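Structure first, commentary second.
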Amino acid sequence: MDVTGENPGREASWKKMSKEPPRGPRPPGGACCTSPTETGNERDWTSTFLRTSLRVSGGRSGPVAEHSRRPAAAQPPPSLAALPFFVFFHGGYWQSGSKDSSAFMVSPLTAQGVAVVVVSYDIAPKGTLDQMVDQVTQSIAFVQKRYPCNEGIYLCGHSAGAHLAAMMLLANWTKHGATPNLKGFFLVSGIYDLEPIMHIPENEALLMTLEDAQRNSPQRCLEVALTQPVDAACPVLVIVGQHDSPEYHRQSREFYQALRRGGWKASFEELDDVDHFEIIWNLTQKDYVLTQMILKTIFQES
(Lines give C-alpha, C1' and ligand atoms only; values in the text may rest on other atoms or scores of the structure.)
Protein backbone atom coordinates (compact mmCIF):
# COMPACT_ATOMS: atom_id res chain seq x y z
CA MET A 1 0.00 0.00 0.00
CA ASP A 2 1.46 3.37 -1.00
CA VAL A 3 1.06 6.35 1.29
CA THR A 4 1.12 9.95 0.18
CA GLY A 5 4.05 11.76 1.76
CA GLU A 6 3.93 14.79 4.03
CA ASN A 7 6.30 17.71 3.84
CA PRO A 8 9.23 16.69 6.09
CA GLY A 9 10.19 20.32 6.60
CA ARG A 10 7.04 21.40 8.41
CA GLU A 11 6.55 21.33 12.15
CA ALA A 12 5.96 17.83 13.50
CA SER A 13 2.23 17.29 14.04
CA TRP A 14 2.68 15.88 17.55
CA LYS A 15 3.84 19.33 18.77
CA LYS A 16 0.36 20.69 18.06
CA MET A 17 -1.50 18.00 19.98
CA SER A 18 -3.37 18.54 23.24
CA LYS A 19 -1.39 18.04 26.45
CA GLU A 20 -4.50 16.91 28.37
CA PRO A 21 -4.25 13.48 29.98
CA PRO A 22 -5.65 10.76 27.69
CA ARG A 23 -8.27 8.17 28.51
CA GLY A 24 -7.21 4.56 28.62
CA PRO A 25 -3.89 3.26 27.31
CA ARG A 26 -1.51 6.09 26.49
CA PRO A 27 0.08 6.07 23.04
CA PRO A 28 2.89 8.45 21.96
CA GLY A 29 2.28 12.17 21.83
CA GLY A 30 -0.56 12.29 24.35
CA ALA A 31 -3.41 10.92 22.22
CA CYS A 32 -5.65 8.16 23.51
CA CYS A 33 -6.72 4.86 22.05
CA THR A 34 -9.67 5.61 19.75
CA SER A 35 -11.35 2.24 19.53
CA PRO A 36 -15.11 2.90 19.51
CA THR A 37 -15.76 -0.42 21.20
CA GLU A 38 -13.63 0.21 24.33
CA THR A 39 -12.20 -3.32 24.31
CA GLY A 40 -10.47 -3.02 27.68
CA ASN A 41 -7.60 -1.25 29.35
CA GLU A 42 -3.91 -2.08 29.27
CA ARG A 43 -3.99 -4.02 32.54
CA ASP A 44 -6.77 -6.28 31.22
CA TRP A 45 -4.83 -7.01 28.04
CA THR A 46 -1.60 -7.69 29.93
CA SER A 47 -3.40 -10.25 32.07
CA THR A 48 -4.88 -11.88 28.95
CA PHE A 49 -1.47 -12.02 27.26
CA LEU A 50 0.09 -13.64 30.31
CA ARG A 51 -2.61 -16.30 30.83
CA THR A 52 -2.52 -17.37 27.21
CA SER A 53 1.28 -17.32 27.02
CA LEU A 54 1.56 -19.56 30.07
CA ARG A 55 -0.97 -21.96 28.62
CA VAL A 56 0.86 -22.08 25.27
CA SER A 57 4.29 -22.55 26.81
CA GLY A 58 2.95 -25.37 28.95
CA GLY A 59 1.59 -27.32 25.99
CA ARG A 60 3.58 -26.52 22.89
CA SER A 61 2.43 -27.93 19.56
CA GLY A 62 5.66 -27.28 17.69
CA PRO A 63 9.22 -25.98 17.88
CA VAL A 64 9.65 -22.98 20.14
CA ALA A 65 12.83 -21.29 21.29
CA GLU A 66 12.58 -18.80 24.15
CA HIS A 67 15.73 -16.73 24.42
CA SER A 68 16.45 -14.51 27.41
CA ARG A 69 18.58 -11.38 27.62
CA ARG A 70 21.32 -13.67 28.94
CA PRO A 71 22.39 -15.63 25.83
CA ALA A 72 24.37 -18.28 27.71
CA ALA A 73 21.24 -19.38 29.57
CA ALA A 74 19.27 -20.26 26.46
CA GLN A 75 19.60 -23.75 25.01
CA PRO A 76 16.98 -24.28 22.28
CA PRO A 77 16.95 -27.83 20.87
CA PRO A 78 19.22 -28.56 17.87
CA SER A 79 16.18 -29.72 15.86
CA LEU A 80 15.42 -26.06 15.16
CA ALA A 81 18.66 -25.52 13.21
CA ALA A 82 17.28 -25.47 9.65
CA LEU A 83 13.96 -23.71 10.32
CA PRO A 84 12.95 -20.10 9.72
CA PHE A 85 13.05 -18.11 12.98
CA PHE A 86 10.38 -15.61 14.04
CA VAL A 87 11.89 -13.33 16.70
CA PHE A 88 9.41 -11.30 18.75
CA PHE A 89 9.98 -8.19 20.90
CA HIS A 90 7.21 -7.23 23.32
CA GLY A 91 5.85 -3.74 23.89
CA GLY A 92 5.04 -1.92 27.12
CA TYR A 93 6.62 1.51 26.74
CA TRP A 94 10.06 -0.02 27.43
CA GLN A 95 9.02 -0.32 31.11
CA SER A 96 6.56 -3.21 31.33
CA GLY A 97 5.90 -6.57 29.71
CA SER A 98 8.12 -9.64 29.49
CA LYS A 99 8.86 -12.69 27.38
CA ASP A 100 6.70 -14.71 29.81
CA SER A 101 3.59 -12.79 28.72
CA SER A 102 4.49 -12.64 25.03
CA ALA A 103 4.25 -16.21 23.73
CA PHE A 104 0.54 -16.02 22.92
CA MET A 105 1.13 -15.95 19.13
CA VAL A 106 3.25 -19.11 19.05
CA SER A 107 0.83 -21.86 18.01
CA PRO A 108 -0.24 -20.67 14.50
CA LEU A 109 3.41 -20.18 13.55
CA THR A 110 4.94 -23.31 15.03
CA ALA A 111 2.15 -25.37 13.47
CA GLN A 112 3.59 -24.33 10.10
CA GLY A 113 7.20 -25.17 11.03
CA VAL A 114 8.43 -21.77 12.21
CA ALA A 115 10.67 -21.56 15.28
CA VAL A 116 9.54 -18.74 17.58
CA VAL A 117 12.01 -16.81 19.73
CA VAL A 118 10.59 -14.46 22.37
CA VAL A 119 13.23 -11.98 23.47
CA SER A 120 13.55 -10.35 26.88
CA TYR A 121 15.36 -7.11 27.66
CA ASP A 122 15.98 -5.03 30.77
CA ILE A 123 13.04 -2.64 30.97
CA ALA A 124 13.20 0.80 32.59
CA PRO A 125 14.15 2.00 35.09
CA LYS A 126 16.71 -0.83 35.34
CA GLY A 127 17.60 -0.66 31.67
CA THR A 128 18.28 2.38 29.51
CA LEU A 129 17.24 2.59 25.88
CA ASP A 130 20.86 2.18 24.81
CA GLN A 131 21.10 -1.01 26.86
CA MET A 132 17.82 -2.37 25.50
CA VAL A 133 18.93 -1.83 21.91
CA ASP A 134 22.27 -3.50 22.66
CA GLN A 135 20.60 -6.49 24.36
CA VAL A 136 18.23 -7.01 21.45
CA THR A 137 21.17 -6.84 19.03
CA GLN A 138 23.07 -9.42 21.08
CA SER A 139 20.03 -11.70 21.15
CA ILE A 140 19.72 -11.74 17.37
CA ALA A 141 23.46 -12.32 16.97
CA PHE A 142 23.18 -15.19 19.44
CA VAL A 143 20.42 -16.87 17.41
CA GLN A 144 22.53 -16.57 14.27
CA LYS A 145 25.60 -18.04 15.95
CA ARG A 146 23.61 -20.84 17.58
CA TYR A 147 21.79 -21.72 14.34
CA PRO A 148 23.97 -20.59 11.40
CA CYS A 149 22.01 -22.81 8.99
CA ASN A 150 18.67 -21.14 9.74
CA GLU A 151 16.26 -20.52 6.86
CA GLY A 152 15.99 -16.84 7.69
CA ILE A 153 15.43 -14.65 10.74
CA TYR A 154 12.25 -12.56 10.74
CA LEU A 155 11.92 -9.80 13.32
CA CYS A 156 8.56 -8.71 14.73
CA GLY A 157 7.85 -6.12 17.40
CA HIS A 158 4.75 -4.51 18.83
CA SER A 159 4.65 -0.89 20.03
CA ALA A 160 7.94 -0.32 21.90
CA GLY A 161 9.03 -3.71 20.57
CA ALA A 162 8.53 -2.45 17.01
CA HIS A 163 10.89 0.40 17.89
CA LEU A 164 13.55 -2.10 19.00
CA ALA A 165 13.05 -4.22 15.88
CA ALA A 166 13.32 -1.13 13.68
CA MET A 167 16.63 -0.20 15.33
CA MET A 168 18.03 -3.45 13.90
CA LEU A 169 17.69 -2.15 10.35
CA LEU A 170 20.97 -0.28 10.68
CA ALA A 171 22.64 -2.22 13.50
CA ASN A 172 26.42 -2.62 13.52
CA TRP A 173 26.70 -6.40 13.44
CA THR A 174 30.49 -6.43 13.07
CA LYS A 175 31.12 -5.81 16.74
CA HIS A 176 28.84 -8.74 17.64
CA GLY A 177 30.74 -11.20 15.49
CA ALA A 178 27.79 -12.37 13.41
CA THR A 179 25.73 -10.96 10.56
CA PRO A 180 22.23 -12.41 10.99
CA ASN A 181 20.36 -13.89 8.08
CA LEU A 182 17.62 -11.26 8.28
CA LYS A 183 14.83 -11.93 5.80
CA GLY A 184 11.97 -9.73 6.96
CA PHE A 185 10.64 -7.19 9.47
CA PHE A 186 7.08 -6.90 10.83
CA LEU A 187 6.72 -3.57 12.66
CA VAL A 188 3.35 -3.47 14.41
CA SER A 189 1.90 -0.22 15.83
CA GLY A 190 5.38 1.08 16.46
CA ILE A 191 7.09 4.19 17.79
CA TYR A 192 9.86 5.44 15.53
CA ASP A 193 10.37 9.04 16.67
CA LEU A 194 11.09 9.14 20.41
CA GLU A 195 11.12 12.90 20.94
CA PRO A 196 7.36 13.04 21.71
CA ILE A 197 7.89 10.53 24.54
CA MET A 198 10.01 13.13 26.35
CA HIS A 199 6.89 15.23 26.91
CA ILE A 200 4.61 12.65 28.56
CA PRO A 201 4.79 10.97 32.02
CA GLU A 202 6.22 7.73 30.59
CA ASN A 203 9.59 9.44 30.35
CA GLU A 204 9.82 9.58 34.15
CA ALA A 205 11.11 5.99 34.10
CA LEU A 206 13.07 6.28 30.86
CA LEU A 207 14.82 9.55 31.77
CA MET A 208 15.46 10.26 28.09
CA THR A 209 17.39 13.36 27.10
CA LEU A 210 17.02 14.87 23.65
CA GLU A 211 20.31 13.24 22.67
CA ASP A 212 19.04 9.85 23.90
CA ALA A 213 15.83 10.26 21.92
CA GLN A 214 17.60 11.24 18.72
CA ARG A 215 20.23 8.50 18.98
CA ASN A 216 17.56 5.84 19.51
CA SER A 217 14.95 7.04 17.01
CA PRO A 218 14.78 4.74 13.97
CA GLN A 219 13.22 7.55 11.95
CA ARG A 220 16.18 9.85 12.57
CA CYS A 221 18.76 7.06 12.19
CA LEU A 222 17.30 6.13 8.82
CA GLU A 223 17.27 9.72 7.57
CA VAL A 224 20.93 10.32 8.38
CA ALA A 225 22.19 6.87 7.33
CA LEU A 226 24.94 6.95 4.72
CA THR A 227 24.58 3.32 3.67
CA GLN A 228 21.98 1.44 1.68
CA PRO A 229 20.29 -1.72 2.98
CA VAL A 230 22.55 -4.77 3.09
CA ASP A 231 19.78 -6.68 1.35
CA ALA A 232 17.50 -4.36 -0.58
CA ALA A 233 15.10 -7.25 -1.18
CA CYS A 234 14.44 -7.74 2.55
CA PRO A 235 10.76 -6.82 3.08
CA VAL A 236 9.81 -4.40 5.84
CA LEU A 237 6.08 -4.36 6.68
CA VAL A 238 4.95 -1.30 8.65
CA ILE A 239 1.56 -2.08 10.16
CA VAL A 240 -0.93 -0.03 12.16
CA GLY A 241 -4.46 -0.69 13.41
CA GLN A 242 -7.48 1.28 12.25
CA HIS A 243 -8.21 2.31 15.86
CA ASP A 244 -4.64 3.07 16.86
CA SER A 245 -4.21 6.70 17.89
CA PRO A 246 -3.43 9.44 15.32
CA GLU A 247 0.16 9.60 16.53
CA TYR A 248 0.76 5.90 15.85
CA HIS A 249 -0.66 6.45 12.36
CA ARG A 250 1.57 9.48 11.77
CA GLN A 251 4.70 7.75 12.94
CA SER A 252 3.99 4.58 10.97
CA ARG A 253 3.30 6.44 7.74
CA GLU A 254 6.33 8.70 8.05
CA PHE A 255 8.62 5.81 8.91
CA TYR A 256 7.33 3.88 5.91
CA GLN A 257 8.08 6.88 3.71
CA ALA A 258 11.61 7.15 5.14
CA LEU A 259 12.19 3.46 4.43
CA ARG A 260 11.15 3.88 0.82
CA ARG A 261 13.42 6.89 0.41
CA GLY A 262 16.26 4.87 1.92
CA GLY A 263 15.94 2.08 -0.62
CA TRP A 264 14.18 -0.51 1.52
CA LYS A 265 11.50 -2.83 0.15
CA ALA A 266 8.84 -1.39 2.45
CA SER A 267 5.06 -1.71 2.50
CA PHE A 268 2.40 -0.13 4.67
CA GLU A 269 -0.79 -1.76 5.91
CA GLU A 270 -3.65 -0.44 8.02
CA LEU A 271 -5.60 -3.34 9.50
CA ASP A 272 -9.35 -2.86 9.80
CA ASP A 273 -11.32 -2.82 13.04
CA VAL A 274 -8.47 -3.40 15.52
CA ASP A 275 -7.01 -1.21 18.25
CA HIS A 276 -3.54 -1.06 19.74
CA PHE A 277 -3.87 -4.36 21.62
CA GLU A 278 -6.18 -6.35 19.34
CA ILE A 279 -3.78 -5.92 16.43
CA ILE A 280 -1.17 -8.11 18.14
CA TRP A 281 -3.49 -10.32 20.20
CA ASN A 282 -5.19 -11.58 17.04
CA LEU A 283 -1.97 -13.37 16.08
CA THR A 284 -3.44 -16.18 18.19
CA GLN A 285 -5.72 -16.84 15.18
CA LYS A 286 -4.29 -18.77 12.23
CA ASP A 287 -6.64 -17.05 9.74
CA TYR A 288 -5.96 -13.50 11.00
CA VAL A 289 -4.77 -11.24 8.19
CA LEU A 290 -1.46 -10.41 9.93
CA THR A 291 -0.76 -14.07 10.71
CA GLN A 292 -1.23 -14.84 7.03
CA MET A 293 1.01 -11.91 6.00
CA ILE A 294 3.75 -13.27 8.23
CA LEU A 295 3.46 -16.83 6.93
CA LYS A 296 3.32 -15.72 3.29
CA THR A 297 6.42 -13.58 3.77
CA ILE A 298 8.34 -16.36 5.50
CA PHE A 299 7.42 -18.97 2.91
CA GLN A 300 7.65 -16.49 0.03
CA GLU A 301 4.13 -17.05 -1.18
CA SER A 302 2.54 -14.55 -3.53
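Chain lettering (A, B, ...) mirrors the order of the C-alpha coordinates, residue numbering begins at 1 for each chain separately, and ligand numbering begins at 1 in order of display.
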
Selection: 7 Å around region 175-177 of chain A, only C-alpha atoms, excl. self and same-chain fewer than 3 positions, as a ChimeraX atom specification: /A:138,141,172

Which of region 69-275 of chain A fall in strand (DSSP E or B), as an NGL selection string: :A and (85-89 or 115-119 or 153-158 or 182-188 or 235-241 or 265-271)

Within 9 Å of Val238 (chain A) using only C-alpha atoms, minus same-chain residues under 6 positions, as a list in words: Phe185, Phe186, Leu187, Val188, Ser189, Gly190, Ser252, Arg253, Phe255, Tyr256, Ala266, Ser267, Phe268, Glu269 and Glu270 of chain A

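Atom pair CA of Ala258 (chain A) / CA of Ser245 (chain A): separated by 20.3 Å.
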
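In this comparison, which uses only C-alpha atoms, the residue of A:Gly92, A:Leu283, A:Asp212, A:Pro218 approaching Met168 (chain A) most closely is A:Pro218.
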
Residue set, region 176-277 of chain A restricted to helix (DSSP H, G or I), as a count of residues only: 39
